[in-house]
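Report on the following structure.
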Number of protein chains: 2
Amino acid sequence: MDGQTLTIGELARKVGCKVQTIRYYEQIGLLPPPDRTDGNQRRYSGQEARRLSFVRHGRDLGFSLDALRQLLMLADHPDQPCETADQIAERHLIDIERRIDRLSALKVELQVMIKQCRGNEIRSCRVIEVLSDHGHCLNDQH
Amino acid sequence: MDGQTLTIGELARKVGCKVQTIRYYEQIGLLPPPDRTDGNQRRYSGQEARRLSFVRHGRDLGFSLDALRQLLMLADHPDQPCETADQIAERHLIDIERRIDRLSALKVELQVMIKQCRGNEIRSCRVIEVLSDHGHCLNDQH
DNA sequence: CATGGGGGCTCCAGCAGCTGTAGGTTCAAG
DNA sequence: CTTGAACCTACAGCTGCTGGAGCCCCCATG
């Protein structure tokens, strides 16, 4: 099942992304240039499809293209210890945790904002007021 | 304390953003053009500083510039009912909840990935493996 | 074997939301 | 009056794609 070749459109459908995205990844050197037909159309092997899957799955997990580039380089050298890969993942985990915390704080603030404001005029609207006034800010670090 | 004027740099320091960001907001019409000195430098009033605070705080809360533009327009017409402001905030709340859910799922997946991989070779590294293999994907919707 | 249409190709512009640089001017402290 | 930090404009660049124009290829059907 590795000898199969896919057109760029088939590949895009398979991994769930746009054709242009694949060409973009190739352009920025994240995917190697695939073989071409005599008519200059790209044909992808199972190998290349797996590499793209890796990238897409990584993107779904929120990794940056740069982080994925590093991970791909690591994946190409399977004999080395995987500390670096771990570090990338861990850094990413910390980042995600920070984002969750931040978003949770925002959620509370928004809920308060909305609850306090029902059917009034803008003059007394908490949404506007809270946004105007830093005193109401929960995570006040400005 | 409203009669004070600030240079663009002072304002930037006060609200915690870059000078260029302020000029950018002016350029896209989010902030009105401020008064200038004879030497063509911008001078900001307390009014204008508050408007910028509003924008920055909104950005911190994850509102898009477009949503903030709408909210600013509402804030400029305080006699109208605030349903629209509410709707914007509510739509945004739903969005934030979705983002939290999504990030929480990613967090679990990353934690599993990292925990299973300690001091091995890349050959057996879960981080690479999980990203390569869709079978390990928790939220498998591809 | 011709043809039509769906997909492929390249190149380029644009999106949000800034950020950085170049090259010049102004302001205020000393 | 000098100096140097901060200001000015204009424009390019960043991430991660997405869409369009204008052309070309592939293959199923007649």
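To be explicit about the labels: the chains of the structure tokens are called A, B, and onward in the order shown, and within each one the residues are counted from 1, while ligands get numbers from 1 in the order they are shown.
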List every residue of stretch 6-68 of chain B that DSSP, applied to the backbone of this structure, assigns to helix (DSSP H, G or I), and report them as a ChimeraX atom specification. /B:8-15,19-27,46-60,65-68
Output file for the selection above: C-alpha atoms, as a compact mmCIF listing (two decimals), in the first residue's frame:
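So the final result, stored in again_6.txt, reads:
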# COMPACT_ATOMS: atom_id res chain seq x y z
CA ILE B 8 2.62 58.60 21.74
CA GLY B 9 5.46 56.94 23.63
CA GLU B 10 4.03 57.86 27.03
CA LEU B 11 0.64 56.58 25.96
CA ALA B 12 2.16 53.35 24.71
CA ARG B 13 3.92 52.81 28.04
CA LYS B 14 0.73 53.62 29.92
CA VAL B 15 -1.46 51.10 28.16
CA VAL B 19 4.00 52.90 19.57
CA GLN B 20 3.46 51.40 16.13
CA THR B 21 0.36 49.64 17.32
CA ILE B 22 -1.22 52.97 18.24
CA ARG B 23 -0.35 54.43 14.87
CA TYR B 24 -1.74 51.30 13.27
CA TYR B 25 -5.05 51.68 15.11
CA GLU B 26 -5.24 55.26 13.94
CA GLN B 27 -4.46 54.22 10.40
CA GLY B 46 -7.23 61.55 28.58
CA GLN B 47 -10.25 60.84 26.37
CA GLU B 48 -8.14 59.33 23.67
CA ALA B 49 -6.10 57.38 26.21
CA ARG B 50 -9.31 55.85 27.53
CA ARG B 51 -10.40 54.87 24.07
CA LEU B 52 -7.11 53.11 23.52
CA SER B 53 -7.42 51.41 26.91
CA PHE B 54 -10.79 50.15 25.82
CA VAL B 55 -9.30 48.68 22.68
CA ARG B 56 -6.31 47.12 24.42
CA HIS B 57 -8.42 45.66 27.16
CA GLY B 58 -10.80 44.28 24.57
CA ARG B 59 -7.90 42.78 22.66
CA ASP B 60 -6.64 41.22 25.88
CA LEU B 65 -10.64 44.60 16.07
CA ASP B 66 -13.87 44.41 14.17
CA ALA B 67 -15.91 43.56 17.26
CA LEU B 68 -14.20 46.41 19.08
Got a sec: who's within 9 Å of A:Gln111, counting only C-alpha atoms (C1' of nucleotides), leaving out chain neighbours fewer than 5 positions off, as a short mmCIF file (atom, residue, chain, number, x, y, z; two decimals) with C-alpha atoms, in the first residue's frame?
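In the end it all went to result-v2.cif:
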data_model
loop_
_atom_site.label_atom_id
_atom_site.label_comp_id
_atom_site.auth_asym_id
_atom_site.auth_seq_id
_atom_site.Cartn_x
_atom_site.Cartn_y
_atom_site.Cartn_z
CA LEU A 106 -11.78 35.98 30.45
CA GLN A 116 -25.05 42.50 34.95
CA ALA B 89 -20.17 39.67 24.18
CA GLU B 90 -22.28 36.54 24.20
CA LEU B 93 -18.31 33.93 25.32
#
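Reported to one decimal place, the separation of atom CA of B:Met113 from atom CA of B:Ile100 is 19.8 Å.
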How close does each residue of chain D get to chain A, giving the shortest atom pair and distance in Å to one decimal for every residue with an atom at most 8 Å away, counting only C-alpha atoms (C1' of nucleotides), sorted by chain and residue number, as JSON lines?
{"residue": "D:DC17", "atom": "C1'", "partner": "A:Thr21", "partner_atom": "CA", "distance": 6.6}
{"residue": "D:DT18", "atom": "C1'", "partner": "A:Gln20", "partner_atom": "CA", "distance": 7.6}
{"residue": "D:DC25", "atom": "C1'", "partner": "A:Gly39", "partner_atom": "CA", "distance": 6.1}
Can you build me a table of chain C residues sitting at most 8 Å from chain B, with the closest atom pair per residue and its distance in Å to one decimal, using only C-alpha atoms (C1' of nucleotides), sorted by chain and residue number, as a Markdown table?
| residue | atom | partner | partner_atom | distance |
| --- | --- | --- | --- | --- |
| C:DC18 | C1' | B:Thr21 | CA | 6.6 |
| C:DT19 | C1' | B:Gln20 | CA | 7.7 |
| C:DT26 | C1' | B:Gly39 | CA | 6.1 |
Write out, as an mmCIF file, in the first residue's frame, the residues just selected, with N, CA and C atoms (P, O5', C5', C4', C3', O3' and C1' of nucleotides).
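In the end it all went to part.cif:
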data_model
loop_
_atom_site.group_PDB
_atom_site.id
_atom_site.type_symbol
_atom_site.label_atom_id
_atom_site.label_comp_id
_atom_site.auth_asym_id
_atom_site.auth_seq_id
_atom_site.Cartn_x
_atom_site.Cartn_y
_atom_site.Cartn_z
ATOM 1 P P DC C 18 -3.229 43.842 17.585
ATOM 2 O "O5'" DC C 18 -2.576 45.050 16.756
ATOM 3 C "C5'" DC C 18 -1.189 45.350 16.844
ATOM 4 C "C4'" DC C 18 -0.333 44.242 16.304
ATOM 5 C "C3'" DC C 18 1.138 44.473 16.498
ATOM 6 O "O3'" DC C 18 1.651 43.475 17.377
ATOM 7 C "C1'" DC C 18 0.676 43.786 14.262
ATOM 8 P P DT C 19 2.926 43.808 18.298
ATOM 9 O "O5'" DT C 19 4.128 43.886 17.247
ATOM 10 C "C5'" DT C 19 4.781 42.695 16.850
ATOM 11 C "C4'" DT C 19 5.869 43.042 15.868
ATOM 12 C "C3'" DT C 19 6.901 44.061 16.386
ATOM 13 O "O3'" DT C 19 8.143 43.387 16.391
ATOM 14 C "C1'" DT C 19 6.250 44.537 14.156
ATOM 15 P P DT C 26 10.836 69.365 11.772
ATOM 16 O "O5'" DT C 26 10.641 68.999 13.312
ATOM 17 C "C5'" DT C 26 9.589 68.115 13.690
ATOM 18 C "C4'" DT C 26 9.740 67.804 15.164
ATOM 19 C "C3'" DT C 26 9.876 69.018 16.066
ATOM 20 O "O3'" DT C 26 8.958 68.804 17.109
ATOM 21 C "C1'" DT C 26 11.545 67.457 16.553
#
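Our summary of the geometry notes that atom CA of A:Asp79 is positioned 12.9 Å from atom CA of B:Ile128.
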DSSP on the backbone: which residues in stretch 2-95 of chain A end up as strand (DSSP E or B)? Give the answer as JSON, numbers by chain. {"A": [6, 7, 35, 36, 42, 43, 44, 81]}
Resulting file, chosen residues, C-alpha atoms, as an mmCIF file, in the first residue's frame:
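Saved the output as out.cif:
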data_model
loop_
_atom_site.group_PDB
_atom_site.id
_atom_site.type_symbol
_atom_site.label_atom_id
_atom_site.label_comp_id
_atom_site.auth_asym_id
_atom_site.auth_seq_id
_atom_site.Cartn_x
_atom_site.Cartn_y
_atom_site.Cartn_z
ATOM 1 C CA LEU A 6 -1.965 10.304 -5.162
ATOM 2 C CA THR A 7 -2.695 13.514 -6.960
ATOM 3 C CA ASP A 35 7.770 13.501 -8.129
ATOM 4 C CA ARG A 36 6.008 14.987 -11.116
ATOM 5 C CA ARG A 42 2.628 16.373 -8.484
ATOM 6 C CA ARG A 43 2.244 12.702 -7.521
ATOM 7 C CA TYR A 44 2.531 11.723 -3.867
ATOM 8 C CA PRO A 81 17.690 10.601 22.042
#
